[in-house]
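> I'd like to ask some things about the structure below.
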Amino acid sequence: MGLIIEAIVTGILTGGVYALMSSGLTLIFGVMDIINIAQGILVILGAYLSFVLQQHFHIDLFLGLLITMPVMFGFGVLLEFVFIRPLKRDRTMLSLLVMYGLALVIEGVLNLIFSADLVQLQGWYTTASFNVGGFYLSYIYVFGFLLAVVLLAGLYWLVYRTKFGFSLRASMQNRVAAELIGIDVERISAITFGIGIALAAAGGMAFGATNAFDAASSYDLISRVLAIIIFGGMGSLSGALIASVGMLVVEDVTSVVWSPVWASTVFFILLVIILVVRPQGLLGQAEVRKQ
Amino acid sequence: MKILKMVGVLVLLACAIIFPQVFTDPTVTTIAVFTLIFAAVATGWNILGGYSGYISLGHIAYFGIGAYAMALFCLHWNIPGGYEPFLLVPLTALIAAVVSIPLGWIALRVRRHTFIVITIAMFFIIQLLAYNLIWLTNGSTGLGLPIPTDWGGYFFNYPFYYAALILLVIAVLVSWWIRNSKFGLGLLAIRDDEDRALGLGVKTVASKLAAFAIAAFFAGAAGAIYAYFVESIYPATIFDPNFDVAVVLMVFLGGLGTISGPILGALIMEPLQQYLNLQYGENGYNLIILGGIFLLVMLILPRGILPTLGDLWRKYRAMREQDTAVQAEEGMVITALPGRVGRSTAGRDESAPTAIAPNQNEPGEGINV
Amino acid sequence: MIGRYLLRPRAFLNSICVLIVALVALSACGSSTTTGTGTGSSQTTAPIKIGISVSLSGDFSADGKALMEGYQLWASEVNKSGGLLGRQVKLDFASDASSTTQVVTNYQKFITVDHDDLVLGPYSTLLTKPSSVVASRYGYAFIEGAGGGPSVFTQGLHNLFAVSPPVVSQLNGFTSYILSLPASQRPTTAAYATEDDPFTQPMIDTAKAALEQGGIKTVFYKVYPAETTDYTPIAQGVVASHAQIVVLGSMLPDIIAYVKAFQQQHFNPEALAASAGPDQGSSFTGPIGGSNVAEGIMYPNGWYPGLNTYQNKQMVQDFIAMFGGTADQISADSAEAFSVGQVLQEAVNKIHSIDNTKLIAELHSDTFQTVQGPAKFNDQGENISAETAIFQWQKGSVVPVLPPDQASATPEFPKPNWP
């Protein structure tokens, strides 16, 4: 029983890290109707940025976020401007392909700069742990989870309590109508994309501190993150959080109770079942017949 | 015109048939075999993704199922190396199709993005089953296939080349037949507006499922040939997400919904990828160049090569001929909509004719061979 | 119905043009990758070309790079001492991006386009198997050092020669040692966790069987998928089992995760053995937080820098001269590649020929010396005289501790607690 509780706790904490990585993706989808398949490699890019800051400038990982997040935000806005904005028709599928091409290029560049060696972000909190009820919780998992909570809360405030958020939600619901009432949907899209990529930077730091990674790690990541946001409902932030935590808890508990070999399988089967019953995901909006 | 088209197709086919006799270098024919295999998968996939609009990002799962079926038959029925395994290909394809039916039935209950993710999830489930059902698949140790020992290096590729070519030809014929049939019309209708199609009496569930299974059939057949060509399969290598994405990219590159688009996409992408790996693999530029080329093409030719070229040609023609002359020649019903020829209606995807209201369409739009 | 979809000859002509262009491009790409002149072996002073596919991107990229360096080092050594049979050796590398499709094409290219005289093996069982089949079609000898999973030997190929020790028995030194401990010191429980990989799982299962037979109870045994990203539940299971010794079938990413998890959980087993990962030098010690963290961890390997085998000392020196770094940073993959080169060199010198058929016969009949120890091949191509030593991290470097006749230090048991 103790093991199961441990698994649940670890699942929750690790879920926080995945929530960070997925939140950007779900936000971008909600506002722009785009599946940013490059999110995986952008998370890794964020991780490498944190790595460089830590290795060469000895900046603490969390403090380094104050640098990496704005940089990635800017990068995201640039990407949106150059690659997404020119796409006028059939945006969803085209953006998928364009972002895939971009992901390949970024992966190639990262491979070139950093070679294929596995790296992991270090800090005093990555190995230290504290005792809780008979087992040890590593600080980094707790900090990562707290980071996720703080950033998501901040995002929530931004989306639901500010004028920008109002425009954002309006664009999400109905792009054309939002334009008609004077909202600059293009600008909102660019900023949202930037925010999504900035979140990827944070997720990258948390991921890099808890896993050894290299440029090729992005493939596993993107498939899981994609599954999470569909599970949680595309466009829903709380959905992303619940789905991430849910996925990790299910996997970890299955791992302990049954066998690690079946952990992912159980999750995917669960995903299929839930999606068939509720195609819009846990907290997503039911698909309205598009006009 | 029709005769011209038939002659053209036969010329192409003849080229393809004599290709390995002319370019005898086994390395070239190896790349050609891989290209043909992927072209067949892409053509099959296009029947689902291009015609019905349901983008499945996990169909390579059936490629793997076909491969495992082939390996297991050869193992348990003691099939020796040689021509016999090729006879098993239709059987393996059938198995892949049969397996896809219940899975497709589940997946096709949802739409758009959810569908995409469910197909991805199913892909991973099947891959994990291949790893974990060790009594069946031998787990991560993988399976080997019979090695034809009397086919020396210079002969080996020929049977595979022709087997893959036959598969591709069948796939194209099926694709062409579907496109011009009532079934295909139904699929196109589903793609444009599924609810309206349902209201008009199209059997959407059966049609989608049939397309799903047909795509799985060709993927399975291609997987069987691939497995036999490479002589060994592992869950890690035969269920490869990269193959999956590559096939989809090929179809989009060539033109989603066209008949020869997938083939063109495969012809470009597979040799290109191999070439880039060979020339630039050592310093790591291969990914960058591939991604860069891909980006360029998608930004310049967003609908894929064939539809965009078709558009350009159409515009060129429209500038030189009059409306009524075009309509009379093409045998279309004359409609009164002005400014129609040579202008695309904004926001409408034109890689396939709109099946629901054909009279409002440009004649024979987007149909290519 | 068909009348409504009359076919358009112009768009169709477009297709023909593009298809023909594509076909031409295909053949052009085939010929443009030809390097050098055609038949090198007929001229007695032209370089000997050897084709090798290495994984420079994708899953196996870290190991691929190390493998390539090993081959490069060998080639430079051979050429410095006058070459092979008086001819310079030229390595023809191609990257396979860790892909089966690419590796098949690569070996085809080496043989039929580049007309390389010889070929050597790539990295990993998954890629070795299809490549060896391609080579066998043309009668080429296939000496390799990084593909030793049992599945490689099951297809009845006679041209395959795996110079590295077969994986299944690699932990034998470790298990014998544990079982040889006096009863008061001997552990009574063991935990096993392994990837379901054709390289690692057979090794762990063999070790488990041996230990169980010796009376050591298995309190935890889990097999997990190779692409697992979250090892925490498995690590916690190991911790919760309170096993006295832990045997892991891991690759580099997992062992890093386990070490961190055990540190975080303050779990200190008396012995920790892993199938792979700790052999990767600084790639291992870096992410875990330093070589002092690695203290006491054991792993099997055919090689380490101080091993007293044929040409090893020289190789280590020259490797550092060529690629920099320290001896401990040299990956075992490089040593494997170097051994492959050595076997080839010795065989060629013994029969004074680079003819593949004669080489295959020679390789099956003789014994060869490598930096990993002696190599003698059975019918299937397995190296039956390979002895796998067990190495242990002690005070920042690796030393062989088992079997006793190969040891240069005594095994540290029990393993000290995490720093």
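Chain labels run A, B, ... following the order of the structure tokens; each chain numbers its residues from 1, and ligands are numbered from 1 in the order shown.
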Restrict the distance test to only C-alpha atoms, flag each residue of chain A within 8 Å of chain C, and return the flagged residues as an NGL selection string.
:A and (3 or 6-7 or 10 or 111 or 115-122 or 127-129 or 135-138 or 211-213 or 216 or 220 or 252-253 or 255-256 or 259-261)
> Can you pull out the residues contacting segment 91-100 of chain B? Cut-off 8 Å, using only C-alpha atoms, and skip same-chain residues under 6 positions away; I want them as a PyMOL selection string.
chain B and resi 62-63+65-67+69-70+212-221+224
> Could you dump the residues just selected with N, CA and C atoms as an mmCIF file, in the first residue's frame?

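Result file follows (result-v1.cif):
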```
data_model
loop_
_atom_site.group_PDB
_atom_site.id
_atom_site.type_symbol
_atom_site.label_atom_id
_atom_site.label_comp_id
_atom_site.auth_asym_id
_atom_site.auth_seq_id
_atom_site.Cartn_x
_atom_site.Cartn_y
_atom_site.Cartn_z
ATOM 1 N N TYR B 62 -0.422 -0.825 -38.747
ATOM 2 C CA TYR B 62 -0.839 -1.946 -39.606
ATOM 3 C C TYR B 62 0.304 -2.415 -40.497
ATOM 4 N N PHE B 63 1.215 -1.516 -40.785
ATOM 5 C CA PHE B 63 2.459 -1.879 -41.482
ATOM 6 C C PHE B 63 3.185 -2.919 -40.626
ATOM 7 N N ILE B 65 1.870 -4.763 -38.260
ATOM 8 C CA ILE B 65 1.089 -5.984 -38.108
ATOM 9 C C ILE B 65 1.310 -6.881 -39.320
ATOM 10 N N GLY B 66 1.312 -6.288 -40.505
ATOM 11 C CA GLY B 66 1.593 -7.069 -41.708
ATOM 12 C C GLY B 66 2.966 -7.713 -41.630
ATOM 13 N N ALA B 67 3.943 -6.947 -41.148
ATOM 14 C CA ALA B 67 5.305 -7.470 -41.046
ATOM 15 C C ALA B 67 5.360 -8.652 -40.079
ATOM 16 N N ALA B 69 2.887 -10.549 -39.153
ATOM 17 C CA ALA B 69 2.138 -11.677 -39.700
ATOM 18 C C ALA B 69 3.038 -12.473 -40.642
ATOM 19 N N MET B 70 3.749 -11.753 -41.492
ATOM 20 C CA MET B 70 4.649 -12.423 -42.437
ATOM 21 C C MET B 70 5.711 -13.216 -41.687
ATOM 22 N N PHE B 212 -10.765 3.013 -43.980
ATOM 23 C CA PHE B 212 -9.783 2.720 -42.930
ATOM 24 C C PHE B 212 -9.147 1.354 -43.163
ATOM 25 N N ALA B 213 -10.013 0.376 -43.438
ATOM 26 C CA ALA B 213 -9.515 -0.988 -43.620
ATOM 27 C C ALA B 213 -8.691 -1.116 -44.888
ATOM 28 N N ILE B 214 -9.113 -0.436 -45.937
ATOM 29 C CA ILE B 214 -8.347 -0.507 -47.184
ATOM 30 C C ILE B 214 -6.958 0.087 -46.980
ATOM 31 N N ALA B 215 -6.906 1.210 -46.278
ATOM 32 C CA ALA B 215 -5.596 1.810 -46.005
ATOM 33 C C ALA B 215 -4.740 0.839 -45.201
ATOM 34 N N ALA B 216 -5.371 0.150 -44.235
ATOM 35 C CA ALA B 216 -4.634 -0.812 -43.417
ATOM 36 C C ALA B 216 -4.165 -1.986 -44.266
ATOM 37 N N PHE B 217 -4.998 -2.384 -45.213
ATOM 38 C CA PHE B 217 -4.651 -3.496 -46.094
ATOM 39 C C PHE B 217 -3.333 -3.216 -46.812
ATOM 40 N N PHE B 218 -3.254 -2.038 -47.431
ATOM 41 C CA PHE B 218 -2.036 -1.739 -48.187
ATOM 42 C C PHE B 218 -0.837 -1.528 -47.279
ATOM 43 N N ALA B 219 -1.094 -0.931 -46.115
ATOM 44 C CA ALA B 219 0.009 -0.759 -45.171
ATOM 45 C C ALA B 219 0.540 -2.130 -44.745
ATOM 46 N N GLY B 220 -0.368 -3.057 -44.489
ATOM 47 C CA GLY B 220 0.035 -4.391 -44.061
ATOM 48 C C GLY B 220 0.830 -5.115 -45.133
ATOM 49 N N ALA B 221 0.345 -5.026 -46.375
ATOM 50 C CA ALA B 221 1.058 -5.683 -47.473
ATOM 51 C C ALA B 221 2.462 -5.106 -47.607
ATOM 52 N N ALA B 224 4.715 -6.374 -44.919
ATOM 53 C CA ALA B 224 5.168 -7.745 -45.125
ATOM 54 C C ALA B 224 6.353 -7.769 -46.091
#
```
> What are the residues of chain B lining chain A at 6 Å or less? Count only C-alpha atoms, and put the answer as a list in words.
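Here is what falls inside 6 Å: Val110, Ile118, Ala121, Ile125, Gly284, Leu287, Ile288, Gly291, Phe294, Leu295 and Gly347 of chain B.
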> Take the residues from that selection and put them in a file with C-alpha atoms, as a PDB file, in the first residue's frame.

```
ATOM      1  CA  VAL B 110     -14.684  10.788 -33.089  1.00  0.00           C
ATOM      2  CA  ILE B 118      -6.699   8.196 -30.952  1.00  0.00           C
ATOM      3  CA  ALA B 121      -2.644   6.104 -29.111  1.00  0.00           C
ATOM      4  CA  ILE B 125      -0.801   0.324 -27.919  1.00  0.00           C
ATOM      5  CA  GLY B 284      24.627  16.491 -38.869  1.00  0.00           C
ATOM      6  CA  LEU B 287      18.163  16.946 -40.583  1.00  0.00           C
ATOM      7  CA  ILE B 288      18.562  20.658 -41.054  1.00  0.00           C
ATOM      8  CA  GLY B 291      13.589  20.186 -42.496  1.00  0.00           C
ATOM      9  CA  PHE B 294      10.280  20.661 -46.257  1.00  0.00           C
ATOM     10  CA  LEU B 295       9.506  24.038 -44.746  1.00  0.00           C
ATOM     11  CA  GLY B 347     -11.231  29.422 -47.714  1.00  0.00           C
TER      12      GLY B 347
END
```
> Any idea what's packed within 12 Å of Phe73 of chain B, counting only C-alpha atoms, ignoring anything in its chain fewer than 3 positions away? Could you give it as a PyMOL selection string?
chain B and resi 66-70+76-80+84-89+91-92+95+136-137+143-146+224+228
> Could you check the closest approach to Met21 of chain A for each of A:Gly208, A:Gly123, A:Gly74, A:Gly203 and tell me which residue wins, using only C-alpha atoms?
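Looking at the shortest contact to Met21 of chain A, the residue is A:Gly203.
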> Give the answer as one residue: which of C:Leu359, C:Ala183, C:Leu248, C:Leu307 has the shortest atom-to-atom distance to Asp117 of chain C, using only C-alpha atoms?
C:Leu359
> Would you mind listing what lies within 10 Å of Gln173 of chain A as a list in words, with only C-alpha atoms counted and same-chain residues fewer than 4 positions away left out?
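The filter keeps Gly30, Val31, Ser167, Leu168, Arg169, Ala177, Ala178 and Gln285 of chain A.
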> Let's have the selection written as an mmCIF file, in the first residue's frame, with C-alpha atoms.

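Full text of selection.cif as output:
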```
data_model
loop_
_atom_site.group_PDB
_atom_site.id
_atom_site.type_symbol
_atom_site.label_atom_id
_atom_site.label_comp_id
_atom_site.auth_asym_id
_atom_site.auth_seq_id
_atom_site.Cartn_x
_atom_site.Cartn_y
_atom_site.Cartn_z
ATOM 1 C CA GLY A 30 -7.228 26.832 -28.199
ATOM 2 C CA VAL A 31 -6.536 30.242 -29.652
ATOM 3 C CA SER A 167 -9.531 39.120 -25.959
ATOM 4 C CA LEU A 168 -7.808 35.789 -25.925
ATOM 5 C CA ARG A 169 -10.870 33.912 -24.820
ATOM 6 C CA ALA A 177 -16.732 37.475 -34.293
ATOM 7 C CA ALA A 178 -13.783 38.637 -32.200
ATOM 8 C CA GLN A 285 -15.692 22.140 -25.444
#
```
> So which one's closest to Phe183 of chain B, B:Asn277, B:Ser52, B:Thr30, B:Thr35? Using only C-alpha atoms, please.
B:Ser52
> So, with only C-alpha atoms as the atoms that count, which of C:Phe377, C:Tyr140, C:Phe319, C:Phe391 lies closest to chain B?
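With only C-alpha atoms as the atom set, the closest residue is C:Tyr140.
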> Name the closest residue to chain B among the candidates C:Leu179, C:Val133, C:Val167, C:Ala207; distances are taken between atoms, counting only C-alpha atoms.
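The closest residue to chain B is C:Val133.
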> Would you please work out which residue, of C:Val78, C:Leu126, C:Leu85, C:Val246, is nearest to chain B when using only C-alpha atoms?
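Between C:Val78, C:Leu126, C:Leu85, C:Val246, the residue approaching chain B most closely is C:Leu126.
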> Determine, counting only C-alpha atoms, which protein, DNA and RNA residues have an atom within 7 Å of an atom of Gly121 of chain C; residues of the same chain fewer than 2 positions away are not included. Present the result as number ranges by chain.
C: 52, 119, 123, 128, 142-145
> Step one, run DSSP on the backbone; step two, keep only residues of segment 63-127 of chain C assigned to alpha helix (DSSP H); then write them as JSON, numbers by chain.
{"C": [63, 64, 65, 66, 67, 68, 69, 70, 71, 72, 73, 74, 75, 76, 77, 78, 79, 80, 100, 101, 102, 103, 104, 105, 106, 107, 108, 125, 126, 127]}
> Report, in Å to a single decimal, how far apart atom CA of Arg109 of chain B and atom CA of Ala197 of chain B are.
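Atom-to-atom, atom CA of Ala197 of chain B and atom CA of Arg109 of chain B are spaced 15.5 Å apart.
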> Can you tell me how far atom CA of Gly147 of chain C sits from atom CA of Pro166 of chain C, in Å to one decimal?
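Going from atom CA of Gly147 of chain C over to atom CA of Pro166 of chain C covers 9.2 Å.
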